[in-house]
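What follows is the content of query.txt (compact mmCIF, C-alpha atoms).
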# COMPACT_ATOMS: atom_id res chain seq x y z
CA MET A 1 -22.12 -33.35 8.01
CA MET A 2 -19.66 -36.12 8.69
CA ARG A 3 -16.50 -34.14 8.16
CA LEU A 4 -14.62 -33.20 11.29
CA PRO A 5 -13.11 -29.77 10.90
CA GLN A 6 -9.72 -30.01 12.51
CA GLU A 7 -7.26 -27.43 13.54
CA PRO A 8 -4.28 -26.93 11.27
CA ASN A 9 -1.64 -28.69 13.29
CA ARG A 10 0.63 -25.94 14.58
CA ASN A 11 3.13 -27.60 16.79
CA GLY A 12 3.58 -30.32 14.22
CA GLY A 13 5.44 -32.62 16.56
CA ILE A 14 3.05 -34.66 18.65
CA ARG A 15 -0.39 -35.79 17.58
CA THR A 16 -2.66 -37.15 20.28
CA PRO A 17 -5.88 -38.43 18.78
CA SER A 18 -7.72 -38.49 22.11
CA PRO A 19 -11.43 -37.46 22.10
CA ARG A 20 -10.79 -34.53 24.40
CA SER A 21 -8.19 -32.93 22.18
CA ARG A 22 -10.40 -33.56 19.16
CA ASN A 23 -13.27 -31.70 20.81
CA GLN A 24 -10.98 -28.91 21.78
CA SER A 25 -9.51 -28.53 18.33
CA GLN A 26 -12.97 -28.74 16.79
CA PHE A 27 -14.12 -25.85 18.97
CA HIS A 28 -10.99 -23.90 18.15
CA SER A 29 -11.46 -24.51 14.44
CA THR A 30 -15.10 -23.38 14.56
CA VAL A 31 -14.08 -20.12 16.20
CA SER A 32 -11.37 -19.66 13.58
CA VAL A 33 -13.79 -20.32 10.70
CA GLN A 34 -16.32 -17.86 12.12
CA LYS A 35 -13.68 -15.18 12.54
CA ASN A 36 -12.49 -15.80 9.01
CA ARG A 37 -16.07 -15.52 7.76
CA ARG A 38 -16.55 -12.15 9.43
CA PHE A 39 -13.22 -10.98 7.97
CA ASN A 40 -14.31 -12.10 4.50
CA ILE A 41 -17.63 -10.28 4.79
CA LEU A 42 -15.76 -7.10 5.71
CA ILE A 43 -13.56 -7.48 2.63
CA LEU A 44 -16.67 -8.12 0.54
CA ILE A 45 -18.26 -4.88 1.73
CA PHE A 46 -15.16 -2.87 0.88
CA ARG A 47 -14.91 -4.49 -2.53
CA PHE A 48 -18.54 -3.81 -3.27
CA ALA A 49 -18.11 -0.14 -2.36
CA ALA A 50 -14.96 0.09 -4.50
CA PHE A 51 -16.87 -1.52 -7.37
CA CYS A 52 -19.79 0.92 -7.14
CA PHE A 53 -17.66 4.02 -6.96
CA SER A 54 -15.20 3.04 -9.67
CA LEU A 55 -18.00 1.91 -12.00
CA ALA A 56 -19.78 5.22 -11.49
CA SER A 57 -16.53 7.08 -12.09
CA ALA A 58 -15.90 5.16 -15.32
CA ILE A 59 -19.46 5.73 -16.57
CA PHE A 60 -19.36 9.44 -15.80
CA MET A 61 -16.07 9.83 -17.64
CA PHE A 62 -16.90 7.61 -20.63
CA ALA A 63 -20.15 9.57 -21.12
CA ASN A 64 -18.38 12.91 -20.84
CA SER A 65 -18.93 14.42 -24.28
CA HIS A 66 -20.48 17.83 -24.55
CA GLY A 67 -21.06 20.44 -27.22
CA GLY A 68 -20.99 19.91 -30.94
CA GLY A 69 -19.19 21.24 -33.98
CA SER A 70 -15.79 22.82 -33.58
CA ASP A 71 -15.98 23.57 -29.83
CA SER A 72 -17.01 20.05 -28.83
CA LEU A 73 -15.22 18.59 -25.83
CA ARG A 74 -14.65 14.85 -25.56
CA TRP A 75 -13.01 12.98 -22.69
CA TYR A 76 -10.65 11.17 -25.08
CA HIS A 77 -9.12 14.44 -26.23
CA PHE A 78 -7.33 14.68 -22.88
CA ASP A 79 -4.65 12.21 -21.78
CA ALA A 80 -5.42 12.50 -18.09
CA PHE A 81 -9.15 11.94 -18.57
CA ARG A 82 -8.45 8.89 -20.71
CA PHE A 83 -6.30 7.59 -17.85
CA VAL A 84 -9.12 8.28 -15.35
CA ALA A 85 -11.73 6.49 -17.46
CA ILE A 86 -9.57 3.45 -18.18
CA ALA A 87 -8.21 3.10 -14.65
CA ALA A 88 -11.72 3.30 -13.18
CA GLY A 89 -12.95 0.75 -15.72
CA ILE A 90 -10.13 -1.67 -14.89
CA VAL A 91 -10.74 -1.30 -11.15
CA ALA A 92 -14.47 -1.88 -11.64
CA LEU A 93 -13.81 -5.10 -13.58
CA TYR A 94 -11.25 -6.30 -11.05
CA SER A 95 -13.58 -5.53 -8.14
CA LEU A 96 -16.36 -7.47 -9.85
CA PHE A 97 -14.07 -10.48 -10.15
CA GLU A 98 -13.01 -10.14 -6.52
CA ILE A 99 -16.63 -9.86 -5.35
CA GLY A 100 -17.29 -13.14 -7.14
CA ALA A 101 -14.22 -14.72 -5.52
CA SER A 102 -15.29 -13.44 -2.08
CA VAL A 103 -18.84 -14.75 -2.42
CA TRP A 104 -17.45 -18.10 -3.57
CA GLU A 105 -15.13 -18.24 -0.58
CA ILE A 106 -17.83 -17.30 1.93
CA SER A 107 -20.33 -19.80 0.53
CA ARG A 108 -18.02 -22.75 -0.18
CA GLY A 109 -15.19 -22.22 2.28
CA THR A 110 -12.44 -22.57 -0.32
CA THR A 111 -10.70 -20.06 -2.52
CA VAL A 112 -11.24 -19.93 -6.28
CA LEU A 113 -7.54 -20.16 -7.11
CA PRO A 114 -5.19 -22.27 -4.97
CA GLU A 115 -4.82 -20.58 -1.61
CA VAL A 116 -1.21 -19.41 -2.02
CA VAL A 117 -1.93 -17.94 -5.46
CA GLN A 118 -5.17 -16.33 -4.27
CA VAL A 119 -3.72 -14.41 -1.31
CA TRP A 120 -0.78 -13.08 -3.33
CA PHE A 121 -2.97 -12.32 -6.34
CA ASP A 122 -5.41 -10.32 -4.21
CA PHE A 123 -2.76 -8.37 -2.38
CA GLY A 124 -0.61 -7.62 -5.42
CA HIS A 125 -3.50 -6.46 -7.56
CA ASP A 126 -5.04 -4.43 -4.73
CA GLN A 127 -1.79 -2.56 -4.22
CA VAL A 128 -1.07 -1.94 -7.90
CA PHE A 129 -4.62 -0.95 -8.79
CA ALA A 130 -4.96 1.34 -5.76
CA TYR A 131 -1.80 3.18 -6.81
CA MET A 132 -3.00 3.28 -10.42
CA LEU A 133 -6.40 4.70 -9.50
CA LEU A 134 -4.90 7.32 -7.21
CA SER A 135 -2.39 8.31 -9.88
CA ALA A 136 -5.13 8.62 -12.52
CA ASP A 137 -7.37 10.72 -10.32
CA SER A 138 -4.54 13.03 -9.26
CA ALA A 139 -3.65 13.60 -12.88
CA GLY A 140 -7.35 14.18 -13.61
CA THR A 141 -7.56 16.75 -10.82
CA ALA A 142 -4.53 18.61 -12.13
CA LEU A 143 -5.98 18.68 -15.64
CA ALA A 144 -9.41 19.79 -14.40
CA ARG A 145 -7.80 22.69 -12.55
CA THR A 146 -5.83 23.70 -15.64
CA LEU A 147 -8.98 23.60 -17.76
CA ARG A 148 -10.68 25.95 -15.32
CA ASP A 149 -7.79 28.41 -15.63
CA ARG A 150 -7.90 28.23 -19.40
CA ASP A 151 -11.54 29.37 -19.67
CA THR A 152 -12.54 26.08 -21.24
CA CYS A 153 -15.05 25.72 -18.45
CA THR A 154 -16.80 29.03 -18.92
CA ALA A 155 -17.54 27.98 -22.51
CA ASN A 156 -18.70 24.50 -21.58
CA ASN A 157 -19.33 24.14 -17.88
CA ALA A 158 -21.14 20.78 -18.02
CA PHE A 159 -17.99 19.07 -19.27
CA CYS A 160 -15.93 20.35 -16.34
CA VAL A 161 -18.57 19.51 -13.75
CA GLN A 162 -18.93 16.00 -15.08
CA SER A 163 -15.13 15.52 -15.04
CA ASP A 164 -14.97 16.75 -11.46
CA ILE A 165 -17.69 14.31 -10.39
CA SER A 166 -15.96 11.43 -12.13
CA VAL A 167 -12.63 12.25 -10.45
CA ALA A 168 -14.28 12.59 -7.03
CA LEU A 169 -16.01 9.22 -7.43
CA GLY A 170 -12.66 7.76 -8.44
CA PHE A 171 -11.09 9.02 -5.20
CA ALA A 172 -13.86 7.38 -3.19
CA GLY A 173 -13.24 4.13 -5.08
CA PHE A 174 -9.53 4.43 -4.30
CA MET A 175 -10.29 4.83 -0.58
CA PHE A 176 -12.22 1.57 -0.41
CA LEU A 177 -9.69 -0.23 -2.58
CA SER A 178 -6.88 0.81 -0.26
CA PHE A 179 -8.86 -0.50 2.73
CA SER A 180 -9.25 -3.87 1.02
CA SER A 181 -5.57 -3.77 0.16
CA LEU A 182 -4.77 -3.47 3.89
CA LEU A 183 -7.00 -6.43 4.69
CA SER A 184 -5.62 -8.60 1.91
CA GLY A 185 -2.11 -7.67 3.02
CA PHE A 186 -3.03 -8.96 6.45
CA ARG A 187 -4.16 -12.23 4.87
CA VAL A 188 -0.85 -12.59 3.04
CA VAL A 189 1.12 -12.25 6.25
CA CYS A 190 -1.18 -14.71 8.04
CA PHE A 191 -0.54 -17.09 5.20
CA ILE A 192 3.24 -16.64 5.42
CA LEU A 193 3.30 -17.09 9.18
CA ASN A 194 0.70 -19.84 9.66
CA GLY A 195 0.60 -21.55 6.30
CA SER A 196 -3.12 -20.80 6.12
CA ARG A 197 -5.23 -17.74 5.36
CA PHE A 198 -7.03 -18.17 8.70
CA HIS A 199 -5.87 -15.51 11.11
CA MET A 200 -5.46 -17.36 14.38
CA MET B 1 31.29 -23.47 20.44
CA MET B 2 29.42 -25.00 23.35
CA ARG B 3 25.93 -23.99 22.28
CA LEU B 4 23.75 -26.71 20.88
CA PRO B 5 21.91 -25.53 17.79
CA GLN B 6 18.35 -26.63 18.40
CA GLU B 7 15.06 -26.19 16.73
CA PRO B 8 13.28 -22.97 17.77
CA ASN B 9 10.80 -23.77 20.49
CA ARG B 10 7.53 -23.66 18.67
CA ASN B 11 4.90 -25.24 20.86
CA GLY B 12 5.60 -22.83 23.71
CA GLY B 13 3.63 -24.86 26.23
CA ILE B 14 6.09 -26.27 28.71
CA ARG B 15 8.92 -24.24 30.18
CA THR B 16 11.70 -26.03 31.97
CA PRO B 17 14.16 -23.61 33.50
CA SER B 18 17.06 -26.04 33.20
CA PRO B 19 20.45 -24.72 32.02
CA ARG B 20 19.95 -26.58 28.76
CA SER B 21 16.75 -24.70 27.91
CA ARG B 22 18.36 -21.44 28.92
CA ASN B 23 21.11 -22.05 26.40
CA GLN B 24 18.52 -22.94 23.87
CA SER B 25 16.50 -19.75 24.32
CA GLN B 26 19.68 -17.72 24.25
CA PHE B 27 20.61 -19.28 20.95
CA HIS B 28 17.09 -18.76 19.68
CA SER B 29 17.24 -15.12 20.66
CA THR B 30 20.59 -14.70 18.90
CA VAL B 31 19.18 -16.08 15.64
CA SER B 32 16.13 -13.88 15.96
CA VAL B 33 18.19 -10.79 16.67
CA GLN B 34 20.41 -11.47 13.66
CA LYS B 35 17.42 -11.94 11.37
CA ASN B 36 15.89 -8.77 12.70
CA ARG B 37 19.15 -6.93 12.13
CA ARG B 38 19.28 -8.00 8.49
CA PHE B 39 15.66 -6.94 8.06
CA ASN B 40 16.42 -3.55 9.60
CA ILE B 41 19.40 -3.02 7.33
CA LEU B 42 17.18 -3.72 4.32
CA ILE B 43 14.66 -1.15 5.54
CA LEU B 44 17.52 1.29 6.12
CA ILE B 45 18.71 0.90 2.53
CA PHE B 46 15.23 1.57 1.14
CA ARG B 47 14.79 4.58 3.38
CA PHE B 48 18.13 5.99 2.36
CA ALA B 49 17.22 5.63 -1.34
CA ALA B 50 13.82 7.24 -0.72
CA PHE B 51 15.56 10.08 1.10
CA CYS B 52 18.05 10.73 -1.70
CA PHE B 53 15.48 10.70 -4.48
CA SER B 54 12.88 12.80 -2.69
CA LEU B 55 15.48 15.32 -1.54
CA ALA B 56 16.76 15.64 -5.11
CA SER B 57 13.19 16.00 -6.36
CA ALA B 58 12.45 18.73 -3.83
CA ILE B 59 15.65 20.62 -4.61
CA PHE B 60 15.06 20.46 -8.36
CA MET B 61 11.52 21.78 -7.94
CA PHE B 62 12.30 24.47 -5.35
CA ALA B 63 15.09 25.78 -7.60
CA ASN B 64 12.86 25.76 -10.67
CA SER B 65 12.67 29.44 -11.57
CA HIS B 66 13.61 30.53 -15.06
CA GLY B 67 13.38 33.62 -17.16
CA GLY B 68 12.89 37.16 -15.95
CA GLY B 69 10.51 40.05 -16.38
CA SER B 70 6.98 39.37 -17.53
CA ASP B 71 7.54 35.90 -19.01
CA SER B 72 9.26 34.49 -15.93
CA LEU B 73 8.18 31.04 -14.83
CA ARG B 74 8.26 30.08 -11.17
CA TRP B 75 7.35 26.70 -9.66
CA TYR B 76 5.02 28.36 -7.14
CA HIS B 77 2.83 29.75 -9.89
CA PHE B 78 1.49 26.25 -10.50
CA ASP B 79 -0.59 24.34 -7.94
CA ALA B 80 0.62 20.93 -9.03
CA PHE B 81 4.30 21.91 -8.89
CA ARG B 82 3.82 23.37 -5.43
CA PHE B 83 2.32 20.04 -4.42
CA VAL B 84 5.31 18.17 -5.94
CA ALA B 85 7.86 20.35 -4.15
CA ILE B 86 6.15 20.22 -0.77
CA ALA B 87 5.35 16.50 -0.90
CA ALA B 88 8.96 15.68 -1.84
CA GLY B 89 10.22 17.94 0.94
CA ILE B 90 7.97 16.28 3.54
CA VAL B 91 9.02 12.81 2.41
CA ALA B 92 12.70 13.81 2.56
CA LEU B 93 12.30 15.06 6.15
CA TYR B 94 10.34 12.00 7.18
CA SER B 95 12.90 9.67 5.59
CA LEU B 96 15.69 11.46 7.41
CA PHE B 97 13.91 10.92 10.72
CA GLU B 98 13.32 7.26 9.86
CA ILE B 99 16.97 6.77 8.89
CA GLY B 100 17.89 8.08 12.31
CA ALA B 101 15.38 5.77 13.97
CA SER B 102 16.68 2.80 11.97
CA VAL B 103 20.31 3.48 12.82
CA TRP B 104 19.36 3.87 16.48
CA GLU B 105 17.51 0.55 16.38
CA ILE B 106 20.35 -1.29 14.64
CA SER B 107 23.00 0.07 16.98
CA ARG B 108 21.13 -0.09 20.31
CA GLY B 109 18.62 -2.86 19.72
CA THR B 110 15.63 -0.83 20.91
CA THR B 111 13.21 1.43 19.10
CA VAL B 112 13.21 5.21 19.59
CA LEU B 113 9.52 5.37 20.47
CA PRO B 114 7.85 2.58 22.47
CA GLU B 115 7.67 -0.48 20.26
CA VAL B 116 3.90 -0.49 19.68
CA VAL B 117 3.90 3.21 18.77
CA GLN B 118 6.95 2.82 16.55
CA VAL B 119 5.65 0.02 14.34
CA TRP B 120 2.27 1.71 13.79
CA PHE B 121 3.87 5.12 13.30
CA ASP B 122 6.24 3.76 10.64
CA PHE B 123 3.59 1.85 8.77
CA GLY B 124 0.92 4.58 8.86
CA HIS B 125 3.27 7.32 7.74
CA ASP B 126 4.83 5.14 5.04
CA GLN B 127 1.42 4.41 3.57
CA VAL B 128 0.10 7.96 3.73
CA PHE B 129 3.29 9.57 2.45
CA ALA B 130 3.67 7.04 -0.37
CA TYR B 131 0.15 7.84 -1.55
CA MET B 132 0.80 11.57 -1.15
CA LEU B 133 4.03 11.45 -3.15
CA LEU B 134 2.45 9.41 -5.94
CA SER B 135 -0.51 11.76 -6.07
CA ALA B 136 1.74 14.83 -6.25
CA ASP B 137 3.89 13.38 -8.98
CA SER B 138 0.91 12.27 -11.06
CA ALA B 139 -0.56 15.75 -10.81
CA GLY B 140 2.85 17.15 -11.75
CA THR B 141 3.03 14.88 -14.79
CA ALA B 142 -0.41 15.97 -15.95
CA LEU B 143 0.50 19.63 -15.57
CA ALA B 144 3.85 19.16 -17.33
CA ARG B 145 2.05 17.58 -20.29
CA THR B 146 -0.46 20.42 -20.44
CA LEU B 147 2.35 22.99 -20.37
CA ARG B 148 3.96 21.27 -23.33
CA ASP B 149 0.69 21.50 -25.29
CA ARG B 150 0.33 25.18 -24.42
CA ASP B 151 3.67 26.20 -25.97
CA THR B 152 4.97 27.36 -22.59
CA CYS B 153 7.86 24.99 -23.12
CA THR B 154 9.00 26.29 -26.51
CA ALA B 155 9.41 29.72 -24.90
CA ASN B 156 11.19 28.43 -21.83
CA ASN B 157 12.37 24.87 -22.25
CA ALA B 158 14.66 24.76 -19.21
CA PHE B 159 11.68 25.18 -16.89
CA CYS B 160 9.86 22.20 -18.41
CA VAL B 161 12.94 19.96 -18.43
CA GLN B 162 13.68 20.75 -14.81
CA SER B 163 10.05 20.02 -13.84
CA ASP B 164 10.19 16.70 -15.67
CA ILE B 165 13.38 15.71 -13.87
CA SER B 166 11.91 16.64 -10.51
CA VAL B 167 8.77 14.60 -11.16
CA ALA B 168 10.79 11.61 -12.35
CA LEU B 169 12.97 11.73 -9.23
CA GLY B 170 9.80 11.91 -7.17
CA PHE B 171 8.49 8.72 -8.78
CA ALA B 172 11.75 6.96 -7.92
CA GLY B 173 11.41 8.16 -4.33
CA PHE B 174 7.84 6.85 -4.27
CA MET B 175 9.02 3.42 -5.43
CA PHE B 176 11.47 3.05 -2.54
CA LEU B 177 8.99 4.48 -0.06
CA SER B 178 6.40 1.92 -1.11
CA PHE B 179 8.96 -0.87 -0.64
CA SER B 180 9.65 0.32 2.89
CA SER B 181 5.92 0.56 3.46
CA LEU B 182 5.60 -3.15 2.59
CA LEU B 183 8.37 -4.03 5.04
CA SER B 184 6.99 -1.89 7.84
CA GLY B 185 3.55 -3.40 7.21
CA PHE B 186 5.15 -6.79 7.72
CA ARG B 187 6.57 -5.59 11.04
CA VAL B 188 3.14 -4.40 12.17
CA VAL B 189 1.60 -7.79 11.51
CA CYS B 190 4.49 -9.55 13.28
CA PHE B 191 3.85 -7.25 16.20
CA ILE B 192 0.12 -8.01 16.24
CA LEU B 193 0.65 -11.74 16.00
CA ASN B 194 3.72 -12.21 18.23
CA GLY B 195 3.64 -9.18 20.48
CA SER B 196 7.12 -8.27 19.28
CA ARG B 197 8.59 -6.73 16.16
CA PHE B 198 10.88 -9.74 15.73
CA HIS B 199 9.59 -11.86 12.90
CA MET B 200 9.65 -15.39 14.31
Conversion result in structure tokens:
Amino acid sequence: MMRLPQEPNRNGGIRTPSPRSRNQSQFHSTVSVQKNRRFNILILIFRFAAFCFSLASAIFMFANSHGGGSDSLRWYHFDAFRFVAIAAGIVALYSLFEIGASVWEISRGTTVLPEVVQVWFDFGHDQVFAYMLLSADSAGTALARTLRDRDTCTANNAFCVQSDISVALGFAGFMFLSFSSLLSGFRVVCFILNGSRFHM
Amino acid sequence: MMRLPQEPNRNGGIRTPSPRSRNQSQFHSTVSVQKNRRFNILILIFRFAAFCFSLASAIFMFANSHGGGSDSLRWYHFDAFRFVAIAAGIVALYSLFEIGASVWEISRGTTVLPEVVQVWFDFGHDQVFAYMLLSADSAGTALARTLRDRDTCTANNAFCVQSDISVALGFAGFMFLSFSSLLSGFRVVCFILNGSRFHM
């Protein structure tokens, strides 16, 4: 490798290209890159967990059709369950994209989109999708409770159990998504303050 | 004006306690304090809006009792509406406390709690309460929709309309609370990076 990784120049005024300062900044930059790598791996873990849980939630809800004939129950007959299924599906797709972007960044050292777009894109979507998923699952919980009161569940218990599982998985997905939203928020502020996504 | 407007001292390495640098740091501090003041006033506005909307939401829900005799409808008969009322009440109380803390900080220049506790307290509670309020209002929306399907609303329309208003006010409160959560998150990161809540 011939490239010299150099510190993003923070004091901006004086540049002294002496060998000593180059060594020093090289060391500093290596530390910074390693820290950034560990941070990215943490984000990747959270995103992977969010992906698994939201995918499972979406699958459970999309497959939630029980009974036949006139007393058949389908997930798409209920607004809130539609919301749960679609929100979980969207979050699963988004998490898949973000896993790809994270792996790309860890392996190549650059972001997929330009850096300023990437940090804002991640943070904005994390926030909005976390709120969306929470909202969907709360609505799903309220509907599931109402169904239990209405004796729908005594007639067809499998439908209710499967809805409950899907909603619970959705809440777990939300938890991990909100953790990644905190981390990507941190990256945004690092970017605003330092002009780089590296937190140092 | 005798002060010399000078660039904020960014490289932080060398300190010369000459009168000139003292002037400079005084000026720097004045700019920083003014910026911080404007930031605090923005937070105060958001908190005040969150307070108004969540208080209105809580009042509308707590007062939501219609009809008499056997077909009377009370908000506390429904889990989701209880959740809406209590969440809105908690957020209103919390916002009131935070308005007080903000006014204190703007007028006296110090935080009520020690600075490190204050920034984390604000951010943590903003996040948790924003999620709680959104969750409550989503559950309330789902229940309100179910009530409409069940013909409860044709019998007693005022109850449903009042619930809808309360939930809508709660969503507005959530919006302002999430804005203040973004700002207080920014303050946390400033605190981590600079060791002070001032953002520069």
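Chain copies chain A and chain B align, over all their C-alpha atoms in order, to a least-squares RMSD of 2.9 Å.
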Find the nearest atom pair between each residue of chain B and chain A for residues within 10 Å, count only C-alpha atoms, give distances in Å to one decimal, sort rows by chain and ascending number, and present the table as CSV.
residue,atom,partner,partner_atom,distance
B:Asn9,CA,A:Asn11,CA,9.3
B:Arg10,CA,A:Asn11,CA,6.2
B:Asn11,CA,A:Asn11,CA,5.0
B:Gly12,CA,A:Asn11,CA,8.8
B:Gly13,CA,A:Asn11,CA,9.8
B:Phe78,CA,A:Thr146,CA,9.3
B:Asp79,CA,A:Ala142,CA,8.1
B:Ala80,CA,A:Ala142,CA,6.4
B:Phe81,CA,A:Ala142,CA,10.0
B:Gln127,CA,A:Ser178,CA,9.8
B:Ala130,CA,A:Tyr131,CA,9.3
B:Tyr131,CA,A:Tyr131,CA,7.3
B:Met132,CA,A:Leu134,CA,9.3
B:Leu133,CA,A:Ser135,CA,9.8
B:Leu134,CA,A:Ser135,CA,6.3
B:Ser135,CA,A:Ser138,CA,5.3
B:Ala136,CA,A:Ser138,CA,7.2
B:Asp137,CA,A:Ser135,CA,8.1
B:Ser138,CA,A:Ala139,CA,5.1
B:Ala139,CA,A:Ala139,CA,4.3
B:Gly140,CA,A:Ala139,CA,7.5
B:Thr141,CA,A:Ala139,CA,7.1
B:Ala142,CA,A:Ala139,CA,5.1
B:Leu143,CA,A:Ala142,CA,6.2
B:Ala144,CA,A:Ala142,CA,9.9
B:Arg145,CA,A:Asp79,CA,8.7
B:Thr146,CA,A:Leu143,CA,7.5
B:Leu147,CA,A:Thr146,CA,9.5
B:Ser178,CA,A:Gln127,CA,9.8
B:Leu182,CA,A:Gly185,CA,8.9
B:Gly185,CA,A:Gly185,CA,8.2
B:Phe186,CA,A:Val189,CA,6.9
B:Arg187,CA,A:Val189,CA,9.8
B:Val188,CA,A:Phe186,CA,9.6
B:Val189,CA,A:Val189,CA,6.9
B:Cys190,CA,A:Val189,CA,8.3
B:Leu193,CA,A:Met200,CA,8.5
B:His199,CA,A:Leu193,CA,9.0
B:Met200,CA,A:Leu193,CA,8.3
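Relative to atom CA of Asp122 of chain B, atom CA of Gly195 of chain B is found at 16.5 Å.
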Residues within 12 Å of Tyr76 of chain B, all atoms listed in the file, excluding chain neighbours under 4 positions, as number ranges by chain: B: 61-66, 72, 80-86, 163
Return the padded bounding box of segment 138-151 of chain A as AutoDock Vina command-line options: axis-aligned, built from all atoms listed in the file, 3 Å added on each side, with centre and edge lengths in Å to one decimal.
--center_x -7.6 --center_y 21.2 --center_z -14.5 --size_x 13.9 --size_y 22.3 --size_z 16.4
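Using only C-alpha atoms for every distance, the candidate list B:Ala87, B:Lys35, B:Tyr94, B:Leu44 yields B:Tyr94 as the residue closest to Asp126 of chain B.
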Go through B:Glu98, B:Asp71, B:Glu105, B:Glu115 one by one, measure the shortest atom-to-atom distance of each to Phe159 of chain B using all atoms listed in the file, and give the residue with the smallest value. B:Asp71
Suppose you want the space between atom CA of Arg37 of chain A and atom CA of Gln118 of chain A; what is it in Å? 16.3 Å
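Going from atom CA of Phe51 of chain A over to atom CA of Arg74 of chain A, you cover 24.6 Å.
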How about completing segment 79-84 of chain B with all heavy atoms and giving it to me as a PDB file, in the frame of the given file?
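Below is the file out_39.pdb, written as the result:
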ATOM      1  N   ASP B  79      -0.137  25.158  -9.091  1.00  0.00           N
ATOM      2  CA  ASP B  79      -0.590  24.340  -7.940  1.00  0.00           C
ATOM      3  C   ASP B  79       0.111  22.995  -7.886  1.00  0.00           C
ATOM      4  O   ASP B  79       0.604  22.578  -6.843  1.00  0.00           O
ATOM      5  CB  ASP B  79      -2.089  24.069  -8.050  1.00  0.00           C
ATOM      6  CG  ASP B  79      -2.886  25.269  -7.611  1.00  0.00           C
ATOM      7  OD1 ASP B  79      -2.383  26.018  -6.756  1.00  0.00           O
ATOM      8  OD2 ASP B  79      -3.997  25.455  -8.140  1.00  0.00           O
ATOM      9  N   ALA B  80       0.122  22.303  -9.032  1.00  0.00           N
ATOM     10  CA  ALA B  80       0.620  20.930  -9.030  1.00  0.00           C
ATOM     11  C   ALA B  80       2.114  20.906  -8.691  1.00  0.00           C
ATOM     12  O   ALA B  80       2.577  20.021  -7.968  1.00  0.00           O
ATOM     13  CB  ALA B  80       0.371  20.277 -10.373  1.00  0.00           C
ATOM     14  N   PHE B  81       2.866  21.894  -9.187  1.00  0.00           N
ATOM     15  CA  PHE B  81       4.300  21.910  -8.890  1.00  0.00           C
ATOM     16  C   PHE B  81       4.568  22.256  -7.433  1.00  0.00           C
ATOM     17  O   PHE B  81       5.508  21.737  -6.819  1.00  0.00           O
ATOM     18  CB  PHE B  81       5.036  22.885  -9.818  1.00  0.00           C
ATOM     19  CG  PHE B  81       5.135  22.402 -11.235  1.00  0.00           C
ATOM     20  CD1 PHE B  81       5.441  23.256 -12.274  1.00  0.00           C
ATOM     21  CD2 PHE B  81       4.912  21.059 -11.539  1.00  0.00           C
ATOM     22  CE1 PHE B  81       5.532  22.797 -13.575  1.00  0.00           C
ATOM     23  CE2 PHE B  81       4.996  20.591 -12.838  1.00  0.00           C
ATOM     24  CZ  PHE B  81       5.299  21.467 -13.857  1.00  0.00           C
ATOM     25  N   ARG B  82       3.708  23.118  -6.866  1.00  0.00           N
ATOM     26  CA  ARG B  82       3.820  23.370  -5.430  1.00  0.00           C
ATOM     27  C   ARG B  82       3.639  22.085  -4.651  1.00  0.00           C
ATOM     28  O   ARG B  82       4.375  21.777  -3.710  1.00  0.00           O
ATOM     29  CB  ARG B  82       2.756  24.376  -4.999  1.00  0.00           C
ATOM     30  CG  ARG B  82       3.219  25.806  -5.065  1.00  0.00           C
ATOM     31  CD  ARG B  82       2.298  26.671  -4.268  1.00  0.00           C
ATOM     32  NE  ARG B  82       0.969  26.648  -4.869  1.00  0.00           N
ATOM     33  CZ  ARG B  82       0.260  27.729  -5.169  1.00  0.00           C
ATOM     34  NH1 ARG B  82       0.758  28.919  -4.943  1.00  0.00           N
ATOM     35  NH2 ARG B  82      -0.935  27.634  -5.700  1.00  0.00           N
ATOM     36  N   PHE B  83       2.621  21.317  -5.064  1.00  0.00           N
ATOM     37  CA  PHE B  83       2.320  20.040  -4.420  1.00  0.00           C
ATOM     38  C   PHE B  83       3.526  19.098  -4.533  1.00  0.00           C
ATOM     39  O   PHE B  83       3.943  18.472  -3.542  1.00  0.00           O
ATOM     40  CB  PHE B  83       1.067  19.446  -5.076  1.00  0.00           C
ATOM     41  CG  PHE B  83       0.487  18.230  -4.418  1.00  0.00           C
ATOM     42  CD1 PHE B  83       0.797  17.871  -3.119  1.00  0.00           C
ATOM     43  CD2 PHE B  83      -0.422  17.434  -5.110  1.00  0.00           C
ATOM     44  CE1 PHE B  83       0.239  16.756  -2.519  1.00  0.00           C
ATOM     45  CE2 PHE B  83      -0.983  16.314  -4.518  1.00  0.00           C
ATOM     46  CZ  PHE B  83      -0.642  15.974  -3.226  1.00  0.00           C
ATOM     47  N   VAL B  84       4.140  19.035  -5.736  1.00  0.00           N
ATOM     48  CA  VAL B  84       5.310  18.170  -5.940  1.00  0.00           C
ATOM     49  C   VAL B  84       6.438  18.570  -4.998  1.00  0.00           C
ATOM     50  O   VAL B  84       7.015  17.730  -4.284  1.00  0.00           O
ATOM     51  CB  VAL B  84       5.801  18.237  -7.404  1.00  0.00           C
ATOM     52  CG1 VAL B  84       7.146  17.564  -7.561  1.00  0.00           C
ATOM     53  CG2 VAL B  84       4.789  17.608  -8.334  1.00  0.00           C
TER      54      VAL B  84
END
